[in-house]
$ cat query-v4.pdb   # PDB, C-alpha atoms
ATOM      1  CA  GLN A   1      -7.957  -0.548  18.145
ATOM      2  CA  VAL A   2      -5.559  -1.031  15.273
ATOM      3  CA  GLN A   3      -1.804  -1.040  15.734
ATOM      4  CA  LEU A   4       0.575  -0.315  12.861
ATOM      5  CA  VAL A   5       4.268  -1.114  13.251
ATOM      6  CA  GLU A   6       6.635   0.258  10.623
ATOM      7  CA  SER A   7      10.176  -0.846   9.892
ATOM      8  CA  GLY A   8      12.847  -0.450   7.256
ATOM      9  CA  GLY A   9      13.744   3.214   7.396
ATOM     10  CA  GLY A  10      17.296   4.485   7.587
ATOM     11  CA  LEU A  11      20.083   6.384   5.884
ATOM     12  CA  VAL A  12      20.832   5.666   2.235
ATOM     13  CA  GLN A  13      22.905   7.334  -0.456
ATOM     14  CA  PRO A  14      21.247   8.951  -3.483
ATOM     15  CA  GLY A  15      20.377   6.290  -6.030
ATOM     16  CA  GLY A  16      20.050   3.649  -3.349
ATOM     17  CA  SER A  17      17.079   1.547  -2.266
ATOM     18  CA  LEU A  18      15.086   0.877   0.871
ATOM     19  CA  ARG A  19      12.098  -1.310   1.636
ATOM     20  CA  LEU A  20       9.579  -0.203   4.231
ATOM     21  CA  SER A  21       7.220  -2.630   5.938
ATOM     22  CA  CYS A  22       4.088  -1.995   7.962
ATOM     23  CA  ALA A  23       2.367  -4.759   9.899
ATOM     24  CA  ALA A  24      -1.174  -4.230  11.120
ATOM     25  CA  SER A  25      -2.646  -5.945  14.158
ATOM     26  CA  GLY A  26      -5.585  -5.602  16.529
ATOM     27  CA  SER A  27      -9.207  -4.983  15.571
ATOM     28  CA  ILE A  28      -8.505  -4.741  11.876
ATOM     29  CA  PHE A  29     -11.794  -6.146  10.559
ATOM     30  CA  SER A  30     -11.871  -5.469   6.843
ATOM     31  CA  ILE A  31      -9.298  -3.220   5.236
ATOM     32  CA  ASN A  32     -10.391  -0.670   2.676
ATOM     33  CA  ALA A  33      -6.887   0.531   1.909
ATOM     34  CA  MET A  34      -3.369   0.703   3.245
ATOM     35  CA  GLY A  35      -0.762   3.180   2.243
ATOM     36  CA  TRP A  36       2.250   5.319   2.942
ATOM     37  CA  TYR A  37       2.436   9.042   3.525
ATOM     38  CA  ARG A  38       5.468  11.178   4.235
ATOM     39  CA  GLN A  39       6.214  14.473   5.909
ATOM     40  CA  ALA A  40       9.387  16.444   5.389
ATOM     41  CA  PRO A  41      10.448  19.233   7.777
ATOM     42  CA  GLY A  42       8.353  22.324   7.237
ATOM     43  CA  LYS A  43       6.027  20.594   4.798
ATOM     44  CA  GLU A  44       2.585  19.049   4.998
ATOM     45  CA  ARG A  45       2.042  15.312   5.103
ATOM     46  CA  GLU A  46       1.540  13.967   1.594
ATOM     47  CA  LEU A  47       0.427  10.715   0.018
ATOM     48  CA  VAL A  48       3.242   8.578  -1.342
ATOM     49  CA  ALA A  49       1.353   5.437  -2.365
ATOM     50  CA  ARG A  50      -1.728   3.509  -1.406
ATOM     51  CA  ILE A  51      -3.276   0.169  -2.302
ATOM     52  CA  THR A  52      -6.900  -0.846  -1.909
ATOM     53  CA  SER A  53      -8.298  -4.207  -0.913
ATOM     54  CA  GLY A  54      -8.793  -4.793  -4.603
ATOM     55  CA  THR A  55      -5.098  -4.094  -5.240
ATOM     56  CA  ILE A  56      -5.752  -0.828  -7.021
ATOM     57  CA  THR A  57      -2.724   1.370  -6.533
ATOM     58  CA  LYS A  58      -2.168   5.113  -6.528
ATOM     59  CA  TYR A  59       1.173   6.910  -6.481
ATOM     60  CA  ALA A  60       2.337  10.458  -6.067
ATOM     61  CA  ASP A  61       3.694  11.764  -9.358
ATOM     62  CA  SER A  62       7.073  12.359  -7.734
ATOM     63  CA  VAL A  63       7.583   8.643  -7.002
ATOM     64  CA  LYS A  64       6.006   6.979 -10.042
ATOM     65  CA  GLY A  65       8.413   4.561 -11.667
ATOM     66  CA  ARG A  66      10.665   4.496  -8.600
ATOM     67  CA  PHE A  67       8.457   3.241  -5.748
ATOM     68  CA  THR A  68       6.268   0.144  -5.645
ATOM     69  CA  ILE A  69       3.600  -0.609  -3.058
ATOM     70  CA  SER A  70       2.442  -4.149  -2.367
ATOM     71  CA  ARG A  71       0.386  -6.064   0.193
ATOM     72  CA  ASP A  72       0.457  -9.457   1.864
ATOM     73  CA  ASN A  73      -3.156  -9.911   2.929
ATOM     74  CA  ALA A  74      -2.408 -13.053   4.928
ATOM     75  CA  LYS A  75       0.029 -11.058   7.079
ATOM     76  CA  ASN A  76      -1.930  -7.766   7.053
ATOM     77  CA  THR A  77       1.290  -6.166   5.915
ATOM     78  CA  VAL A  78       2.011  -3.492   3.353
ATOM     79  CA  TYR A  79       5.394  -2.845   1.778
ATOM     80  CA  LEU A  80       6.967   0.086  -0.002
ATOM     81  CA  GLN A  81       9.933  -0.699  -2.217
ATOM     82  CA  MET A  82      11.802   2.529  -2.857
ATOM     83  CA  ASN A  83      14.414   2.601  -5.625
ATOM     84  CA  SER A  84      16.501   5.384  -7.142
ATOM     85  CA  LEU A  85      16.099   7.405  -3.986
ATOM     86  CA  LYS A  86      16.694  11.153  -4.114
ATOM     87  CA  PRO A  87      17.555  13.655  -1.382
ATOM     88  CA  GLU A  88      14.052  15.107  -1.765
ATOM     89  CA  ASP A  89      12.630  11.752  -0.635
ATOM     90  CA  THR A  90      13.988  12.488   2.837
ATOM     91  CA  ALA A  91      11.078  12.525   5.273
ATOM     92  CA  VAL A  92       9.305  10.652   8.016
ATOM     93  CA  TYR A  93       7.215   7.953   6.373
ATOM     94  CA  TYR A  94       3.911   7.009   7.983
ATOM     95  CA  CYS A  95       1.862   3.899   7.417
ATOM     96  CA  ASN A  96      -1.884   4.380   7.072
ATOM     97  CA  LEU A  97      -4.803   1.956   7.255
ATOM     98  CA  VAL A  98      -8.419   2.738   6.470
ATOM     99  CA  ASN A  99     -11.265   0.433   7.454
ATOM    100  CA  PRO A 100     -14.980   0.970   8.024
ATOM    101  CA  ARG A 101     -14.262   1.976  11.613
ATOM    102  CA  GLY A 102     -11.662   4.623  11.019
ATOM    103  CA  ASN A 103      -8.350   5.949   9.778
ATOM    104  CA  TYR A 104      -5.213   4.726  11.566
ATOM    105  CA  TRP A 105      -1.585   5.828  11.555
ATOM    106  CA  GLY A 106       1.735   4.320  12.501
ATOM    107  CA  GLN A 107       4.412   6.113  14.521
ATOM    108  CA  GLY A 108       6.513   6.872  11.467
ATOM    109  CA  THR A 109       9.947   5.805  10.287
ATOM    110  CA  GLN A 110      12.704   8.170   9.202
ATOM    111  CA  VAL A 111      14.125   7.900   5.694
ATOM    112  CA  THR A 112      17.186  10.020   4.985
ATOM    113  CA  VAL A 113      18.765  10.170   1.543
ATOM    114  CA  SER A 114      22.169  11.794   1.716
ATOM    115  CA  SER A 115      25.733  11.295   0.589
TER
END
$ encode --input "query-v4.pdb" --output "structure tokens"
Amino acid sequence: QVQLVESGGGLVQPGGSLRLSCAASGSIFSINAMGWYRQAPGKERELVARITSGTITKYADSVKGRFTISRDNAKNTVYLQMNSLKPEDTAVYYCNLVNPRGNYWGQGTQVTVSS
């Protein structure tokens, strides 16, 4: 089994920044990709950003230029630096890991952008 532990969520004012972290442990084996998804109330879960083992990144159009995803392979950890946050970024953010054995999810961390 793979365990994903997220941290870094919270309440921030519009224009502010947050950094999310997700540490993977357990039977990780090789990692194809890690990423972040989010789900706002009444909406479907959507991709925010992902990074492959080859450090190829993909971002949702709504966060390009504001969010940056990065990985520390030695720590099996993925980060999401979120700048210039907007109220529409409010959601539960979920960490995701894909390896040859499956697709794994964290418990989620709440990000609220409000004045």
$ residues_around --input "query-v4.pdb" --residues "A:Ser70" --least-positions-apart "3" --cutoff "7 Å" --atoms "all atoms listed in the file" --output "number ranges by chain"
A: 78-80
$ resolve_selection --input "query-v4.pdb" --expression "the PyMOL selection byres ((chain A and resi 21-32) around 7)" --output "PyMOL selection string"
chain A and resi 1-8+19-20+33+52-53+76-80+95+98-99
$ atom_distance --input "query-v4.pdb" --atom1 "atom CA of A:Leu85" --atom2 "atom CA of A:Pro14"
5.4 Å
$ resolve_selection --input "query-v4.pdb" --expression "the PyMOL selection byres ((chain A and resi 91) around 10)" --output "list in words"
Gly9, Tyr37, Arg38, Gln39, Ala40, Pro41, Lys43, Arg45, Pro87, Glu88, Asp89, Thr90, Val92, Tyr93, Tyr94, Gly108, Thr109, Gln110, Val111, Thr112 and Val113 of chain A
$ closest_residue --input "query-v4.pdb" --among "A:Ser17, A:Met34, A:Gly10, A:Gly106" --to "A:Asn73" --atoms "only C-alpha atoms"
A:Met34
$ closest_residue --input "query-v4.pdb" --among "A:Asn96, A:Arg50, A:Leu18, A:Ser115" --to "A:Arg66" --atoms "only C-alpha atoms"
A:Leu18
$ resolve_selection --input "query-v4.pdb" --expression "the PyMOL selection byres ((chain A and resi 64) around 12)" --output "list in words"
Val48, Ala49, Thr57, Lys58, Tyr59, Ala60, Asp61, Ser62, Val63, Gly65, Arg66, Phe67, Thr68, Ile69, Gln81, Met82, Asn83, Ser84 and Leu85 of chain A
$ atom_distance --input "query-v4.pdb" --atom1 "atom CA of A:Leu97" --atom2 "atom CA of A:Ala74"
15.4 Å
$ atom_distance --input "query-v4.pdb" --atom1 "atom CA of A:Gln13" --atom2 "atom CA of A:Ser114"
5.0 Å
$ closest_residue --input "query-v4.pdb" --among "A:Arg71, A:Trp36, A:Thr55, A:Gly42" --to "A:Tyr104" --atoms "all atoms listed in the file"
A:Trp36
$ axis_aligned_box --input "query-v4.pdb" --around "stretch 70-81 of chain A" --padding-each-side "8 Å" --output "AutoDock Vina command-line options"
--center_x 3.4 --center_y -6.5 --center_z 2.4 --size_x 29.1 --size_y 29.1 --size_z 25.4
$ closest_residue --input "query-v4.pdb" --among "A:Lys86, A:Ile51, A:Gly35, A:Lys75" --to "A:Gly16" --atoms "only C-alpha atoms"
A:Lys86
$ decode --input "query-v4.pdb" --residues "stretch 86-98 of chain A" --atoms "all heavy atoms" --output "PDB file, in the first residue's frame"
ATOM      1  N   LYS A  86      -6.698  33.153  -5.645  1.00  0.00           N
ATOM      2  CA  LYS A  86      -7.988  33.783  -5.910  1.00  0.00           C
ATOM      3  C   LYS A  86      -9.083  33.034  -5.153  1.00  0.00           C
ATOM      4  O   LYS A  86      -8.919  31.847  -4.847  1.00  0.00           O
ATOM      5  CB  LYS A  86      -8.289  33.732  -7.405  1.00  0.00           C
ATOM      6  CG  LYS A  86      -7.225  34.350  -8.291  1.00  0.00           C
ATOM      7  CD  LYS A  86      -7.561  34.140  -9.760  1.00  0.00           C
ATOM      8  CE  LYS A  86      -6.500  34.730 -10.664  1.00  0.00           C
ATOM      9  NZ  LYS A  86      -6.827  34.531 -12.104  1.00  0.00           N
ATOM     10  N   PRO A  87     -10.196  33.702  -4.884  1.00  0.00           N
ATOM     11  CA  PRO A  87     -11.296  32.994  -4.208  1.00  0.00           C
ATOM     12  C   PRO A  87     -11.717  31.720  -4.943  1.00  0.00           C
ATOM     13  O   PRO A  87     -12.093  30.729  -4.293  1.00  0.00           O
ATOM     14  CB  PRO A  87     -12.412  34.036  -4.200  1.00  0.00           C
ATOM     15  CG  PRO A  87     -11.692  35.344  -4.162  1.00  0.00           C
ATOM     16  CD  PRO A  87     -10.478  35.133  -5.032  1.00  0.00           C
ATOM     17  N   GLU A  88     -11.624  31.711  -6.261  1.00  0.00           N
ATOM     18  CA  GLU A  88     -12.025  30.529  -7.022  1.00  0.00           C
ATOM     19  C   GLU A  88     -11.039  29.363  -6.876  1.00  0.00           C
ATOM     20  O   GLU A  88     -11.290  28.275  -7.393  1.00  0.00           O
ATOM     21  CB  GLU A  88     -12.226  30.867  -8.503  1.00  0.00           C
ATOM     22  CG  GLU A  88     -11.083  31.638  -9.136  1.00  0.00           C
ATOM     23  CD  GLU A  88     -11.326  33.139  -9.157  1.00  0.00           C
ATOM     24  OE1 GLU A  88     -11.790  33.694  -8.125  1.00  0.00           O
ATOM     25  OE2 GLU A  88     -11.025  33.758 -10.199  1.00  0.00           O
ATOM     26  N   ASP A  89      -9.917  29.591  -6.211  1.00  0.00           N
ATOM     27  CA  ASP A  89      -8.994  28.495  -5.910  1.00  0.00           C
ATOM     28  C   ASP A  89      -9.432  27.726  -4.665  1.00  0.00           C
ATOM     29  O   ASP A  89      -8.837  26.701  -4.328  1.00  0.00           O
ATOM     30  CB  ASP A  89      -7.574  29.028  -5.693  1.00  0.00           C
ATOM     31  CG  ASP A  89      -6.979  29.628  -6.950  1.00  0.00           C
ATOM     32  OD1 ASP A  89      -7.140  29.035  -8.032  1.00  0.00           O
ATOM     33  OD2 ASP A  89      -6.330  30.688  -6.848  1.00  0.00           O
ATOM     34  N   THR A  90     -10.442  28.209  -3.982  1.00  0.00           N
ATOM     35  CA  THR A  90     -10.937  27.541  -2.787  1.00  0.00           C
ATOM     36  C   THR A  90     -11.442  26.151  -3.124  1.00  0.00           C
ATOM     37  O   THR A  90     -12.293  25.983  -4.014  1.00  0.00           O
ATOM     38  CB  THR A  90     -12.058  28.360  -2.143  1.00  0.00           C
ATOM     39  OG1 THR A  90     -11.528  29.604  -1.690  1.00  0.00           O
ATOM     40  CG2 THR A  90     -12.676  27.617  -0.964  1.00  0.00           C
ATOM     41  N   ALA A  91     -10.914  25.153  -2.431  1.00  0.00           N
ATOM     42  CA  ALA A  91     -11.271  23.761  -2.699  1.00  0.00           C
ATOM     43  C   ALA A  91     -10.524  22.863  -1.723  1.00  0.00           C
ATOM     44  O   ALA A  91      -9.633  23.318  -0.995  1.00  0.00           O
ATOM     45  CB  ALA A  91     -10.895  23.369  -4.129  1.00  0.00           C
ATOM     46  N   VAL A  92     -10.888  21.588  -1.744  1.00  0.00           N
ATOM     47  CA  VAL A  92     -10.071  20.578  -1.088  1.00  0.00           C
ATOM     48  C   VAL A  92      -9.058  20.088  -2.116  1.00  0.00           C
ATOM     49  O   VAL A  92      -9.433  19.707  -3.235  1.00  0.00           O
ATOM     50  CB  VAL A  92     -10.913  19.404  -0.570  1.00  0.00           C
ATOM     51  CG1 VAL A  92     -10.013  18.341   0.057  1.00  0.00           C
ATOM     52  CG2 VAL A  92     -11.945  19.895   0.443  1.00  0.00           C
ATOM     53  N   TYR A  93      -7.803  20.114  -1.742  1.00  0.00           N
ATOM     54  CA  TYR A  93      -6.721  19.721  -2.638  1.00  0.00           C
ATOM     55  C   TYR A  93      -6.245  18.319  -2.264  1.00  0.00           C
ATOM     56  O   TYR A  93      -5.942  18.049  -1.101  1.00  0.00           O
ATOM     57  CB  TYR A  93      -5.570  20.722  -2.546  1.00  0.00           C
ATOM     58  CG  TYR A  93      -5.861  22.001  -3.289  1.00  0.00           C
ATOM     59  CD1 TYR A  93      -6.832  22.887  -2.826  1.00  0.00           C
ATOM     60  CD2 TYR A  93      -5.183  22.336  -4.455  1.00  0.00           C
ATOM     61  CE1 TYR A  93      -7.123  24.059  -3.506  1.00  0.00           C
ATOM     62  CE2 TYR A  93      -5.456  23.504  -5.150  1.00  0.00           C
ATOM     63  CZ  TYR A  93      -6.424  24.358  -4.667  1.00  0.00           C
ATOM     64  OH  TYR A  93      -6.720  25.517  -5.353  1.00  0.00           O
ATOM     65  N   TYR A  94      -6.188  17.454  -3.266  1.00  0.00           N
ATOM     66  CA  TYR A  94      -5.825  16.059  -3.069  1.00  0.00           C
ATOM     67  C   TYR A  94      -4.511  15.745  -3.775  1.00  0.00           C
ATOM     68  O   TYR A  94      -4.315  16.092  -4.951  1.00  0.00           O
ATOM     69  CB  TYR A  94      -6.900  15.136  -3.630  1.00  0.00           C
ATOM     70  CG  TYR A  94      -8.228  15.234  -2.932  1.00  0.00           C
ATOM     71  CD1 TYR A  94      -9.213  16.103  -3.390  1.00  0.00           C
ATOM     72  CD2 TYR A  94      -8.508  14.444  -1.822  1.00  0.00           C
ATOM     73  CE1 TYR A  94     -10.442  16.191  -2.761  1.00  0.00           C
ATOM     74  CE2 TYR A  94      -9.734  14.526  -1.178  1.00  0.00           C
ATOM     75  CZ  TYR A  94     -10.693  15.407  -1.655  1.00  0.00           C
ATOM     76  OH  TYR A  94     -11.915  15.482  -1.016  1.00  0.00           O
ATOM     77  N   CYS A  95      -3.649  15.060  -3.073  1.00  0.00           N
ATOM     78  CA  CYS A  95      -2.419  14.561  -3.662  1.00  0.00           C
ATOM     79  C   CYS A  95      -2.699  13.236  -4.371  1.00  0.00           C
ATOM     80  O   CYS A  95      -3.512  12.423  -3.893  1.00  0.00           O
ATOM     81  CB  CYS A  95      -1.384  14.353  -2.557  1.00  0.00           C
ATOM     82  SG  CYS A  95       0.218  13.733  -3.117  1.00  0.00           S
ATOM     83  N   ASN A  96      -2.020  13.025  -5.482  1.00  0.00           N
ATOM     84  CA  ASN A  96      -2.209  11.815  -6.269  1.00  0.00           C
ATOM     85  C   ASN A  96      -0.856  11.237  -6.657  1.00  0.00           C
ATOM     86  O   ASN A  96       0.077  11.978  -6.972  1.00  0.00           O
ATOM     87  CB  ASN A  96      -3.014  12.148  -7.530  1.00  0.00           C
ATOM     88  CG  ASN A  96      -3.113  10.990  -8.492  1.00  0.00           C
ATOM     89  OD1 ASN A  96      -2.424  10.955  -9.517  1.00  0.00           O
ATOM     90  ND2 ASN A  96      -3.968  10.035  -8.191  1.00  0.00           N
ATOM     91  N   LEU A  97      -0.759   9.920  -6.612  1.00  0.00           N
ATOM     92  CA  LEU A  97       0.454   9.219  -7.044  1.00  0.00           C
ATOM     93  C   LEU A  97       0.047   8.067  -7.954  1.00  0.00           C
ATOM     94  O   LEU A  97      -0.884   7.316  -7.626  1.00  0.00           O
ATOM     95  CB  LEU A  97       1.230   8.696  -5.835  1.00  0.00           C
ATOM     96  CG  LEU A  97       2.553   7.959  -6.090  1.00  0.00           C
ATOM     97  CD1 LEU A  97       3.493   8.162  -4.906  1.00  0.00           C
ATOM     98  CD2 LEU A  97       2.382   6.496  -6.377  1.00  0.00           C
ATOM     99  N   VAL A  98       0.739   7.952  -9.058  1.00  0.00           N
ATOM    100  CA  VAL A  98       0.493   6.861 -10.000  1.00  0.00           C
ATOM    101  C   VAL A  98       1.778   6.057 -10.134  1.00  0.00           C
ATOM    102  O   VAL A  98       2.846   6.620 -10.397  1.00  0.00           O
ATOM    103  CB  VAL A  98       0.062   7.394 -11.373  1.00  0.00           C
ATOM    104  CG1 VAL A  98      -0.150   6.228 -12.345  1.00  0.00           C
ATOM    105  CG2 VAL A  98      -1.213   8.211 -11.254  1.00  0.00           C
TER     106      VAL A  98
END
